[in-house]
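Shown next: query19.cif, given as mmCIF, C-alpha atoms.
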```
data_work
#
loop_
_atom_site.label_atom_id
_atom_site.label_comp_id
_atom_site.auth_asym_id
_atom_site.auth_seq_id
_atom_site.Cartn_x
_atom_site.Cartn_y
_atom_site.Cartn_z
CA MET R 1 124.98 128.31 70.80
CA SER R 2 128.31 129.05 72.49
CA PHE R 3 129.75 130.43 69.23
CA CYS R 4 126.80 132.82 68.89
CA LEU R 5 127.23 134.00 72.48
CA PHE R 6 131.00 134.41 72.08
CA SER R 7 130.47 136.33 68.84
CA SER R 8 127.92 138.57 70.53
CA LEU R 9 130.56 139.63 73.07
CA PHE R 10 132.38 141.44 70.24
CA VAL R 11 129.65 144.09 70.13
CA PHE R 12 130.83 145.37 73.52
CA THR R 13 131.70 148.75 71.99
CA THR R 14 128.03 149.41 71.20
CA VAL R 15 126.25 148.13 74.32
CA PRO R 16 126.33 149.14 78.01
CA ASN R 17 128.66 147.24 80.33
CA ASN R 18 125.84 145.43 82.13
CA ILE R 19 124.70 143.88 78.83
CA THR R 20 128.29 142.76 78.15
CA SER R 21 128.45 141.17 81.62
CA ILE R 22 125.20 139.26 81.05
CA LEU R 23 126.43 137.97 77.68
CA LEU R 24 129.71 136.89 79.29
CA ILE R 25 127.90 134.93 82.02
CA LEU R 26 125.63 133.26 79.47
CA TYR R 27 128.65 132.29 77.35
CA ILE R 28 130.50 130.70 80.29
CA VAL R 29 127.39 128.85 81.47
CA SER R 30 126.67 127.59 77.94
CA LEU R 31 130.18 126.15 77.68
CA ILE R 32 129.90 124.40 81.03
CA LEU R 33 126.53 122.90 80.09
CA MET R 34 127.28 121.96 76.47
CA TYR R 35 130.91 120.81 76.36
CA LYS R 36 133.08 118.38 78.22
CA PHE R 37 136.52 119.42 79.36
CA GLN R 38 138.79 119.10 76.33
CA GLY R 39 142.23 119.90 77.72
CA SER R 40 143.47 116.32 77.59
CA ASN R 41 142.99 115.86 73.85
CA GLN R 42 143.51 119.41 72.62
CA MET R 43 146.22 121.07 74.68
CA SER R 44 149.69 120.11 75.79
CA LEU R 45 151.58 120.94 78.99
CA HIS R 46 153.20 123.87 77.18
CA SER R 47 149.73 125.25 76.49
CA TRP R 48 148.89 125.03 80.17
CA LYS R 49 151.99 127.06 80.93
CA LEU R 50 151.05 129.76 78.44
CA VAL R 51 147.48 130.03 79.70
CA LEU R 52 148.72 130.13 83.30
CA ALA R 53 151.24 132.84 82.37
CA ASN R 54 148.36 134.96 81.04
CA LEU R 55 146.36 134.41 84.21
CA SER R 56 149.18 134.82 86.72
CA PHE R 57 149.34 138.61 86.81
CA VAL R 58 145.54 138.82 87.20
CA ILE R 59 145.59 136.30 90.07
CA VAL R 60 148.39 138.14 91.89
CA LEU R 61 146.68 141.49 91.28
CA ILE R 62 143.48 140.12 92.83
CA PHE R 63 145.36 138.91 95.90
CA THR R 64 146.76 142.39 96.52
CA ILE R 65 143.34 143.30 97.90
CA ALA R 66 144.57 141.60 101.08
CA PHE R 67 146.75 144.64 101.93
CA SER R 68 144.45 147.27 100.39
CA SER R 69 142.72 149.62 102.80
CA ASN R 70 139.94 150.46 100.35
CA LYS R 71 138.35 147.01 99.92
CA TYR R 72 135.29 148.37 98.14
CA GLU R 73 137.37 150.00 95.40
CA GLY R 74 139.49 146.84 95.19
CA LEU R 75 136.41 144.66 94.68
CA LYS R 76 135.18 146.99 91.91
CA ARG R 77 138.55 146.67 90.15
CA ILE R 78 138.51 142.89 90.54
CA ASN R 79 135.00 142.70 89.08
CA THR R 80 136.22 144.62 86.02
CA LEU R 81 139.18 142.24 85.60
CA LEU R 82 137.17 138.99 85.71
CA PRO R 83 136.93 138.59 81.89
CA LEU R 84 140.75 138.44 81.80
CA LEU R 85 140.53 135.49 84.16
CA LEU R 86 137.50 133.66 82.76
CA LEU R 87 137.69 134.05 78.98
CA PRO R 88 141.18 132.56 78.34
CA ILE R 89 140.28 129.46 80.36
CA ALA R 90 136.81 129.05 78.86
CA SER R 91 137.72 129.57 75.21
CA THR R 92 140.92 127.51 75.44
CA TYR R 93 139.80 124.46 77.40
CA LEU R 94 136.03 124.32 77.00
CA GLN R 95 135.44 125.82 73.56
CA PRO R 96 136.25 123.72 70.46
CA THR R 97 138.79 125.35 68.16
CA TYR R 98 137.32 128.02 65.93
CA THR R 99 137.70 127.60 62.19
CA LYS R 100 139.10 130.37 59.98
CA LYS R 101 135.59 130.95 58.64
CA GLN R 102 134.26 131.44 62.16
CA ILE R 103 137.11 133.82 63.00
CA LYS R 104 136.32 135.89 59.91
CA SER R 105 132.68 135.99 60.99
CA ILE R 106 133.71 137.27 64.41
CA ALA R 107 135.94 139.88 62.78
CA TRP R 108 133.02 141.10 60.64
CA ILE R 109 130.85 141.37 63.76
CA PHE R 110 133.51 143.48 65.47
CA ILE R 111 134.00 145.67 62.38
CA ILE R 112 130.27 146.23 61.91
CA SER R 113 129.94 146.96 65.63
CA ASN R 114 132.58 149.68 65.31
CA VAL R 115 130.87 151.12 62.24
CA ILE R 116 127.61 151.29 64.21
CA PHE R 117 129.44 152.90 67.11
CA LEU R 118 131.01 155.45 64.76
CA VAL R 119 127.55 156.37 63.44
CA TYR R 120 126.23 156.62 67.01
CA GLN R 121 129.14 158.85 67.97
CA VAL R 122 128.52 161.19 65.02
CA ILE R 123 124.83 161.48 65.97
CA PHE R 124 125.62 162.01 69.68
CA LEU R 125 128.33 164.63 69.05
CA THR R 126 126.26 166.48 66.45
CA LYS R 127 123.06 166.58 68.48
CA PHE R 128 124.50 167.67 71.81
CA SER R 129 127.32 169.88 70.48
CA VAL R 130 124.72 171.98 68.68
CA GLN R 131 122.40 171.92 71.68
CA ASN R 132 125.11 173.04 74.16
CA CYS R 133 127.61 175.13 72.19
CA TYR R 134 126.61 175.76 68.57
CA GLN R 135 122.99 176.95 68.74
CA GLU R 136 123.65 179.25 65.78
CA ILE R 137 123.51 176.26 63.39
CA SER R 138 120.50 174.56 64.98
CA ALA R 139 118.31 175.51 62.01
CA LEU R 140 120.51 173.56 59.59
CA SER R 141 119.72 169.98 58.64
CA PHE R 142 121.65 167.15 60.28
CA PHE R 143 123.85 166.60 57.22
CA GLN R 144 124.57 170.32 56.93
CA LYS R 145 125.69 170.47 60.54
CA ILE R 146 128.32 167.74 60.14
CA PRO R 147 130.70 169.64 57.75
CA TYR R 148 130.44 172.73 59.97
CA LEU R 149 131.27 170.78 63.13
CA MET R 150 134.11 168.86 61.50
CA ASN R 151 136.04 172.13 61.34
CA GLU R 152 136.06 172.10 65.14
CA PRO R 153 138.51 170.01 67.20
CA TYR R 154 137.20 166.61 68.27
CA THR R 155 137.99 167.30 71.93
CA THR R 156 135.92 170.49 71.82
CA LEU R 157 132.93 168.64 70.37
CA LEU R 158 133.28 165.89 72.95
CA TRP R 159 133.42 168.39 75.81
CA CYS R 160 130.39 170.25 74.46
CA SER R 161 128.42 167.04 74.02
CA GLU R 162 129.08 165.78 77.54
CA ARG R 163 127.89 168.95 79.27
CA GLY R 164 124.86 167.60 81.09
CA ASN R 165 124.62 164.57 78.78
CA GLU R 166 126.07 161.14 79.43
CA SER R 167 126.49 158.65 76.64
CA LYS R 168 125.06 155.19 77.29
CA ILE R 169 128.21 153.69 75.80
CA LEU R 170 131.83 154.77 76.24
CA ILE R 171 133.07 157.59 74.01
CA HIS R 172 136.79 157.86 74.73
CA LYS R 173 139.45 158.77 72.18
CA THR R 174 142.00 156.14 73.19
CA TYR R 175 139.62 153.21 73.63
CA ASN R 176 137.69 154.02 70.46
CA SER R 177 140.95 154.46 68.52
CA ILE R 178 142.13 151.00 69.57
CA GLY R 179 138.87 149.53 68.27
CA TYR R 180 139.25 151.30 64.93
CA LEU R 181 142.90 150.25 64.72
CA ILE R 182 142.09 146.59 65.35
CA CYS R 183 139.47 146.81 62.59
CA LEU R 184 142.17 148.17 60.27
CA LEU R 185 144.50 145.31 61.23
CA ALA R 186 141.76 142.79 60.43
CA CYS R 187 141.22 144.44 57.04
CA MET R 188 144.95 144.13 56.26
CA PHE R 189 145.90 140.75 57.67
CA LEU R 190 142.78 138.60 57.97
CA PHE R 191 140.89 139.05 54.72
CA LYS R 192 143.03 137.83 51.85
CA GLY R 193 141.90 136.29 48.58
CA GLU R 194 138.40 137.70 48.99
CA ARG R 195 136.04 138.44 46.12
CA ARG R 196 136.35 141.81 44.38
CA GLY R 197 133.18 143.16 46.01
CA ILE R 198 134.46 142.28 49.49
CA LYS R 199 137.83 143.87 48.69
CA MET R 200 136.10 147.11 47.72
CA ILE R 201 134.16 147.09 51.01
CA LEU R 202 137.41 146.49 52.93
CA VAL R 203 139.11 149.40 51.14
CA LEU R 204 136.15 151.64 52.01
CA LEU R 205 136.28 150.53 55.66
CA PHE R 206 140.02 151.14 55.73
CA ALA R 207 139.46 154.68 54.44
CA VAL R 208 136.68 155.36 56.98
CA PHE R 209 138.58 154.11 60.04
CA SER R 210 141.93 155.67 59.08
CA SER R 211 140.33 159.05 58.30
CA THR R 212 138.56 158.87 61.67
CA LEU R 213 141.93 158.41 63.39
CA PHE R 214 143.17 161.49 61.54
CA TYR R 215 140.14 163.58 62.51
CA ILE R 216 140.21 162.74 66.23
CA LYS R 217 144.00 163.26 66.18
CA SER R 218 144.80 159.90 67.74
CA ILE R 219 148.58 160.28 67.57
CA THR R 220 149.26 156.83 69.04
CA GLY R 221 146.76 155.21 66.69
CA LEU R 222 148.24 156.91 63.62
CA VAL R 223 151.82 156.11 64.64
CA LEU R 224 150.88 152.46 65.14
CA LEU R 225 149.01 152.37 61.83
CA PHE R 226 151.95 153.77 59.88
CA THR R 227 154.26 151.47 61.84
CA VAL R 228 152.26 148.35 61.00
CA ILE R 229 151.71 149.13 57.29
CA PRO R 230 155.43 148.53 56.38
CA PHE R 231 155.28 145.22 58.27
CA TYR R 232 152.22 144.25 56.22
CA PHE R 233 153.99 144.97 52.93
CA LEU R 234 157.11 143.14 54.08
CA THR R 235 155.04 140.02 54.79
CA THR R 236 153.81 140.08 51.20
CA GLN R 237 157.42 139.80 49.98
CA PHE R 238 159.17 137.67 52.62
CA ASN R 239 158.29 134.93 55.07
CA PHE R 240 157.10 135.89 58.55
CA LYS R 241 160.38 135.62 60.48
CA LYS R 242 162.43 137.38 57.82
CA SER R 243 159.81 140.14 57.61
CA LEU R 244 159.87 140.55 61.39
CA LEU R 245 163.67 140.79 61.43
CA ILE R 246 163.77 143.41 58.65
CA TYR R 247 160.96 145.31 60.34
CA LEU R 248 162.78 145.40 63.70
CA LEU R 249 165.98 146.59 62.02
CA LEU R 250 164.04 149.38 60.28
CA LEU R 251 162.48 150.42 63.59
CA ILE R 252 165.90 150.54 65.28
CA VAL R 253 167.37 152.66 62.49
CA LEU R 254 164.35 154.99 62.54
CA THR R 255 164.51 155.34 66.34
CA LEU R 256 168.24 156.10 66.33
CA SER R 257 167.90 158.63 63.52
CA THR R 258 165.05 160.52 65.20
CA GLN R 259 165.97 160.26 68.89
CA GLN R 260 167.36 163.82 69.00
CA LYS R 261 164.13 165.26 67.57
CA ILE R 262 162.07 163.17 69.98
CA ARG R 263 164.09 164.40 72.97
CA SER R 264 163.75 167.99 71.80
CA TYR R 265 160.00 167.59 71.36
CA LEU R 266 159.54 166.01 74.80
CA SER R 267 161.64 168.73 76.37
CA ASP R 268 159.44 171.39 74.76
CA GLN R 269 156.34 169.60 75.97
CA ILE R 270 157.62 169.45 79.54
CA ASN R 271 158.74 173.09 79.60
CA ASN R 272 155.96 174.64 77.53
CA GLY R 273 153.20 172.04 77.65
CA PHE R 274 149.84 173.38 76.57
CA VAL R 275 146.46 172.36 77.92
CA ASN R 276 143.22 173.75 76.57
CA THR R 277 141.78 174.91 79.88
CA GLU R 278 138.42 175.74 78.33
CA VAL R 279 137.64 172.16 77.36
CA LYS R 280 140.09 170.56 79.79
CA ASP R 281 141.81 168.44 77.16
CA LEU R 282 144.19 166.47 79.34
CA ASN R 283 145.53 164.17 76.63
CA GLY R 284 148.78 166.06 75.97
CA ILE R 285 152.21 164.60 76.52
CA ASN R 286 152.98 167.22 79.14
CA GLU R 287 150.00 166.19 81.28
CA ARG R 288 150.78 162.47 81.01
CA ILE R 289 154.42 163.08 81.92
CA LYS R 290 153.32 164.92 85.06
CA ILE R 291 151.05 162.04 86.05
CA ASN R 292 153.87 159.56 85.40
CA LEU R 293 156.22 161.58 87.61
CA VAL R 294 153.67 161.48 90.43
CA SER R 295 153.27 157.72 89.90
CA TYR R 296 157.04 157.26 90.06
CA GLU R 297 157.28 159.21 93.31
CA LEU R 298 154.54 157.03 94.80
CA TYR R 299 156.31 153.88 93.63
CA ARG R 300 159.54 154.96 95.35
CA LYS R 301 157.67 155.17 98.67
CA SER R 302 156.56 151.52 98.40
CA PRO R 303 158.89 149.85 95.88
CA TYR R 304 158.45 146.17 96.78
CA ILE R 305 154.76 145.30 97.13
CA GLY R 306 152.97 148.50 96.11
CA TYR R 307 149.74 149.64 97.74
CA GLY R 308 147.22 147.01 96.67
CA ILE R 309 144.58 147.06 93.94
CA GLY R 310 142.13 149.10 96.01
CA ASP R 311 144.45 151.90 97.12
CA VAL R 312 146.22 153.02 93.94
CA GLN R 313 143.65 155.69 93.03
CA ASP R 314 143.44 156.94 96.62
CA LYS R 315 147.20 157.41 96.73
CA LEU R 316 147.14 159.28 93.42
CA ASN R 317 144.33 161.52 94.65
CA GLU R 318 146.31 162.35 97.79
CA ALA R 319 149.37 163.19 95.69
CA TYR R 320 147.32 165.42 93.37
CA LEU R 321 145.74 167.20 96.35
CA SER R 322 149.13 167.87 97.94
CA ARG R 323 150.18 169.62 94.70
CA SER R 324 146.86 171.36 93.99
CA ASN R 325 148.54 174.77 94.04
CA GLU R 326 150.61 173.72 90.98
CA ASP R 327 149.49 173.92 87.36
CA LEU R 328 147.04 171.16 86.33
CA PHE R 329 147.15 169.13 89.57
CA SER R 330 143.93 170.62 90.92
CA THR R 331 142.25 169.46 87.68
CA PHE R 332 143.88 166.03 88.05
CA PHE R 333 142.40 165.79 91.56
CA GLU R 334 139.00 167.04 90.44
CA LYS R 335 138.82 164.41 87.68
CA LYS R 336 140.41 161.66 89.83
CA LEU R 337 142.77 160.78 86.98
CA ASN R 338 144.40 157.35 87.07
CA THR R 339 148.04 156.66 86.15
CA HIS R 340 147.29 156.72 82.38
CA ASN R 341 150.04 154.09 82.18
CA TYR R 342 149.13 150.50 83.00
CA TYR R 343 152.71 149.50 83.68
CA PHE R 344 152.91 152.13 86.43
CA ASN R 345 149.51 150.96 87.67
CA LEU R 346 150.85 147.42 88.10
CA LEU R 347 153.92 148.73 89.93
CA LEU R 348 151.76 150.74 92.31
CA ALA R 349 149.31 147.89 92.85
CA GLY R 350 151.71 145.00 93.41
CA GLY R 351 155.31 146.04 92.88
CA PRO R 352 157.93 144.74 90.41
CA LEU R 353 156.82 141.10 90.65
CA LEU R 354 153.36 141.94 89.34
CA LEU R 355 154.80 143.97 86.47
CA LEU R 356 157.26 141.18 85.64
CA LEU R 357 154.46 138.59 85.46
CA PHE R 358 152.55 140.74 83.00
CA ILE R 359 155.63 141.35 80.84
CA ILE R 360 156.34 137.59 80.79
CA SER R 361 152.79 136.93 79.58
CA ILE R 362 153.21 139.44 76.75
CA VAL R 363 156.59 137.98 75.73
CA LEU R 364 155.19 134.42 75.69
CA ASN R 365 152.22 135.57 73.61
CA MET R 366 154.60 137.19 71.12
CA ARG R 367 156.58 133.96 71.07
CA LEU R 368 153.36 132.09 70.18
CA ALA R 369 152.70 134.59 67.37
CA ILE R 370 156.20 134.02 65.99
CA LYS R 371 156.01 130.24 66.41
CA THR R 372 152.70 130.04 64.52
CA GLU R 373 153.69 132.90 62.15
CA ASN R 374 150.46 134.75 62.89
CA LYS R 375 150.93 138.33 61.70
CA LEU R 376 147.59 139.57 63.02
CA PHE R 377 148.29 138.36 66.57
CA MET R 378 151.70 140.05 66.54
CA ALA R 379 150.24 143.34 65.29
CA TYR R 380 147.37 143.10 67.79
CA LEU R 381 149.81 142.63 70.69
CA LEU R 382 151.85 145.61 69.47
CA VAL R 383 148.73 147.80 69.56
CA ILE R 384 147.86 146.71 73.12
CA VAL R 385 151.42 146.96 74.47
CA VAL R 386 151.98 150.48 73.12
CA ASN R 387 148.59 151.81 74.25
CA LEU R 388 149.19 150.52 77.78
CA PHE R 389 151.94 153.16 78.03
CA ILE R 390 149.43 155.98 77.59
CA GLU R 391 146.21 154.57 79.05
CA ASN R 392 145.11 152.46 82.00
CA LEU R 393 143.22 150.17 79.64
CA PHE R 394 142.29 147.50 82.15
CA ASN R 395 140.60 149.96 84.51
CA ARG R 396 137.53 149.97 82.25
CA MET R 397 135.40 147.11 80.99
CA ASN R 398 135.96 148.19 77.37
CA GLY R 399 139.73 147.88 77.71
CA VAL R 400 139.50 144.55 79.51
CA MET R 401 137.16 143.12 76.87
CA MET R 402 139.37 144.48 74.08
CA TYR R 403 142.29 142.38 75.37
CA ALA R 404 140.47 139.41 76.89
CA LEU R 405 138.40 138.65 73.79
CA GLY R 406 141.29 139.05 71.38
CA LEU R 407 143.64 136.98 73.54
CA SER R 408 141.05 134.24 74.02
CA LEU R 409 140.33 134.03 70.30
CA PHE R 410 144.01 133.78 69.37
CA LEU R 411 144.79 131.23 72.10
CA ASN R 412 141.85 129.09 71.02
CA HIS R 413 142.97 129.16 67.38
CA LEU R 414 146.78 129.10 67.73
CA LEU R 415 147.51 126.73 70.62
CA PRO R 416 146.37 123.64 68.67
CA LEU R 417 148.57 124.81 65.77
CA LYS R 418 151.50 125.15 68.14
CA SER R 419 150.89 121.63 69.44
CA LYS R 420 151.01 120.32 65.86
CA VAL R 421 154.27 122.23 65.22
CA ASN R 422 155.81 120.80 68.40
CA ALA R 423 154.63 117.33 67.44
#
```
I need this file expressed as structure tokens, please.
Amino acid sequence: MSFCLFSSLFVFTTVPNNITSILLILYIVSLILMYKFQGSNQMSLHSWKLVLANLSFVIVLIFTIAFSSNKYEGLKRINTLLPLLLLPIASTYLQPTYTKKQIKSIAWIFIISNVIFLVYQVIFLTKFSVQNCYQEISALSFFQKIPYLMNEPYTTLLWCSERGNESKILIHKTYNSIGYLICLLACMFLFKGERRGIKMILVLLFAVFSSTLFYIKSITGLVLLFTVIPFYFLTTQFNFKKSLLIYLLLLIVLTLSTQQKIRSYLSDQINNGFVNTEVKDLNGINERIKINLVSYELYRKSPYIGYGIGDVQDKLNEAYLSRSNEDLFSTFFEKKLNTHNYYFNLLLAGGPLLLLLFIISIVLNMRLAIKTENKLFMAYLLVIVVNLFIENLFNRMNGVMMYALGLSLFLNHLLPLKSKVNA
């Protein structure tokens, strides 16, 4: 029962948030009713420390509502964050350890869910793009429209589709890209030694998800994909720790050899940044740098405790409004854009201590991945950590569930292994 409910949570990309919330409540209640507390015979003191480390930044973030002026906004943010508080505890101390077969089943559910979402997105974009912007091809069949529309930029199609139409489920380039990327990681690291038929399906899925990343021009997703692929091939030749060491050395060499080009590119973006004003594509580096600069200025005004979870967006809106005569800032204010950088969001909400607690949790999770030699967990953490630099992932239920479910699953499976290693 609890396994079915937990598995059903992994369809969050294809259902509205209220359905996800109901499934989460049912899962927690089922665990409380069906299982006794298992911490004493399953987890060690070290495990308690790791779970607490993952909860600590959420707990402190919740307490910052005490000095927030906007309590209503703060309570909304806290409600969104609750899965990060509840799922690690429930799946680690109430849920029996999942077997590898069960984990593969969950992975298939998530992959199929993303395939269904991809189909839904194609239908949504095709239908409403034609209805709002491309009436000249309305007489064509559905399958004739798709090649025509694929010649148009993804952001243009998304803007056209959302004119007067709201999707029941979240269509967002960054969040969707993370889902596709995690599916790709599962295809690479989780399914090994499968039958030939399954391997062919995995190759097809890999081609579909990777080509989707190319089409929507998810730069972060593609960079991460081509960063993780060498690590995958290294792990086929060397043990985990040696592969990780070689991989880190390669990354350092690559970074040092390209830093001048990166600086030049960023400089060009800052000086000549382009934004498509027609479709208001605000995903460029130039726009995110401007938002980060505003966030930094706000942080300097309250560097120790921040502004509280409820006031971060209000402070950003005030800063955008004060600069509304400058390029882009009036659009930032109109769209009420967040920090688009979760690390800055933590600084603004609770100061350096809050950010430090989150970083400690990530470091300890990576340590667990290394200790248990779990390549998928390490790659998964890399995807989350990098994307937090460009998106406020935990401001939306989809981002929270993306991390909370993955973290809970890995803690449930790996902490008993760590206890055996320590023993």
Shell around Ser68 (chain R) at 6 Å using only C-alpha atoms, local window under 5 positions removed, as a list in words: Gly308, Gly310 and Asp311 of chain R
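Comparing R:Gly221, R:Leu417, R:Ala404, R:Asp327 by their smallest distance to Leu81 (chain R), the closest is R:Ala404 (using all atoms listed in the file).
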Non-local contacts of region 249-252 of chain R (12 Å; all atoms listed in the file; under 5 positions in same chain excluded) as a ChimeraX atom specification: /R:224,226-228,230-231,234,242-244,257-259
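The residues returned by the PyMOL selection byres ((chain R and resi 304) around 9) for this structure are Tyr299, Arg300, Ser302, Pro303, Ile305, Gly306, Leu347, Gly350, Gly351, Pro352 and Leu353 of chain R.
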Have a look at R:Ile89, R:Leu298, R:Ile359, R:Ser8 and name the one nearest to Val312 (chain R); count all atoms listed in the file. R:Leu298
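Take CA of Leu33 (chain R) and CA of Pro96 (chain R): the distance between them is 13.7 Å.
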List, as a PyMOL selection string, every residue that the PyMOL selection byres ((chain R and resi 377) around 12) selects in the file provided. chain R and resi 182+185-186+189-190+362+365-376+378-384+403+406-411+413-414
Contacts of Leu84 (chain R) at 12 Å (all atoms listed in the file; same-chain gap of 2+ positions) as number ranges by chain: R: 24, 51-59, 61-62, 77-82, 86-91, 394-408
Do you know which residues are at most 12 Å from Tyr27 (chain R) counting all atoms listed in the file, after dropping those on the same chain fewer than 6 positions away, and could you put them as a ChimeraX atom specification? /R:1-9,20-21,33-35,83,86-87,90-91,94-95
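Taking CA of Ile198 (chain R) and CA of Ile109 (chain R) as endpoints, the distance between them is 14.7 Å.
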Given the file above and the PyMOL selection byres ((chain R and resi 158-164) around 10), which residues are selected, and can you give them as a PyMOL selection string? chain R and resi 121+124-134+153-157+165-167+171-173+278-281
Written selection (C-alpha atoms) as a compact mmCIF listing (two decimals), keeping the file's coordinate frame:
```txt
# COMPACT_ATOMS: atom_id res chain seq x y z
CA GLN R 121 129.14 158.85 67.97
CA PHE R 124 125.62 162.01 69.68
CA LEU R 125 128.33 164.63 69.05
CA THR R 126 126.26 166.48 66.45
CA LYS R 127 123.06 166.58 68.48
CA PHE R 128 124.50 167.67 71.81
CA SER R 129 127.32 169.88 70.48
CA VAL R 130 124.72 171.98 68.68
CA GLN R 131 122.40 171.92 71.68
CA ASN R 132 125.11 173.04 74.16
CA CYS R 133 127.61 175.13 72.19
CA TYR R 134 126.61 175.76 68.57
CA PRO R 153 138.51 170.01 67.20
CA TYR R 154 137.20 166.61 68.27
CA THR R 155 137.99 167.30 71.93
CA THR R 156 135.92 170.49 71.82
CA LEU R 157 132.93 168.64 70.37
CA ASN R 165 124.62 164.57 78.78
CA GLU R 166 126.07 161.14 79.43
CA SER R 167 126.49 158.65 76.64
CA ILE R 171 133.07 157.59 74.01
CA HIS R 172 136.79 157.86 74.73
CA LYS R 173 139.45 158.77 72.18
CA GLU R 278 138.42 175.74 78.33
CA VAL R 279 137.64 172.16 77.36
CA LYS R 280 140.09 170.56 79.79
CA ASP R 281 141.81 168.44 77.16
```
Between CA of Leu184 (chain R) and CA of Ile116 (chain R), measure the distance and give it in Å to one decimal. 15.4 Å
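Closest approach to Ile106 (chain R) among R:Leu213, R:Tyr343, R:Asn317, R:Cys183: R:Cys183, based on only C-alpha atoms.
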From the list R:Cys187, R:Ile178, R:Leu202, R:Leu245, which residue is nearest Val386 (chain R) when using only C-alpha atoms? R:Ile178
Could you rebuild region 104-116 of chain R with N, CA and C atoms and give it back as an mmCIF file, in the coordinates of the input?
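Saved result, out-v4.cif, follows:
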```
data_model
loop_
_atom_site.group_PDB
_atom_site.id
_atom_site.type_symbol
_atom_site.label_atom_id
_atom_site.label_comp_id
_atom_site.auth_asym_id
_atom_site.auth_seq_id
_atom_site.Cartn_x
_atom_site.Cartn_y
_atom_site.Cartn_z
ATOM 1 N N LYS R 104 136.674 134.797 60.824
ATOM 2 C CA LYS R 104 136.320 135.890 59.910
ATOM 3 C C LYS R 104 134.931 136.436 60.232
ATOM 4 N N SER R 105 134.020 135.554 60.607
ATOM 5 C CA SER R 105 132.680 135.990 60.990
ATOM 6 C C SER R 105 132.729 136.879 62.217
ATOM 7 N N ILE R 106 133.550 136.483 63.190
ATOM 8 C CA ILE R 106 133.710 137.270 64.410
ATOM 9 C C ILE R 106 134.319 138.635 64.074
ATOM 10 N N ALA R 107 135.304 138.618 63.173
ATOM 11 C CA ALA R 107 135.940 139.880 62.780
ATOM 12 C C ALA R 107 134.927 140.818 62.131
ATOM 13 N N TRP R 108 134.054 140.268 61.280
ATOM 14 C CA TRP R 108 133.020 141.100 60.640
ATOM 15 C C TRP R 108 132.072 141.678 61.687
ATOM 16 N N ILE R 109 131.731 140.880 62.687
ATOM 17 C CA ILE R 109 130.850 141.370 63.760
ATOM 18 C C ILE R 109 131.505 142.542 64.481
ATOM 19 N N PHE R 110 132.802 142.407 64.775
ATOM 20 C CA PHE R 110 133.510 143.480 65.470
ATOM 21 C C PHE R 110 133.604 144.730 64.595
ATOM 22 N N ILE R 111 133.895 144.539 63.306
ATOM 23 C CA ILE R 111 134.000 145.670 62.380
ATOM 24 C C ILE R 111 132.661 146.394 62.247
ATOM 25 N N ILE R 112 131.600 145.633 62.042
ATOM 26 C CA ILE R 112 130.270 146.230 61.910
ATOM 27 C C ILE R 112 129.871 146.944 63.199
ATOM 28 N N SER R 113 130.220 146.330 64.329
ATOM 29 C CA SER R 113 129.940 146.960 65.630
ATOM 30 C C SER R 113 130.620 148.311 65.740
ATOM 31 N N ASN R 114 131.859 148.406 65.253
ATOM 32 C CA ASN R 114 132.580 149.680 65.310
ATOM 33 C C ASN R 114 132.028 150.700 64.325
ATOM 34 N N VAL R 115 131.526 150.213 63.187
ATOM 35 C CA VAL R 115 130.870 151.120 62.240
ATOM 36 C C VAL R 115 129.603 151.704 62.874
ATOM 37 N N ILE R 116 128.827 150.836 63.526
ATOM 38 C CA ILE R 116 127.610 151.290 64.210
ATOM 39 C C ILE R 116 127.963 152.286 65.307
#
```
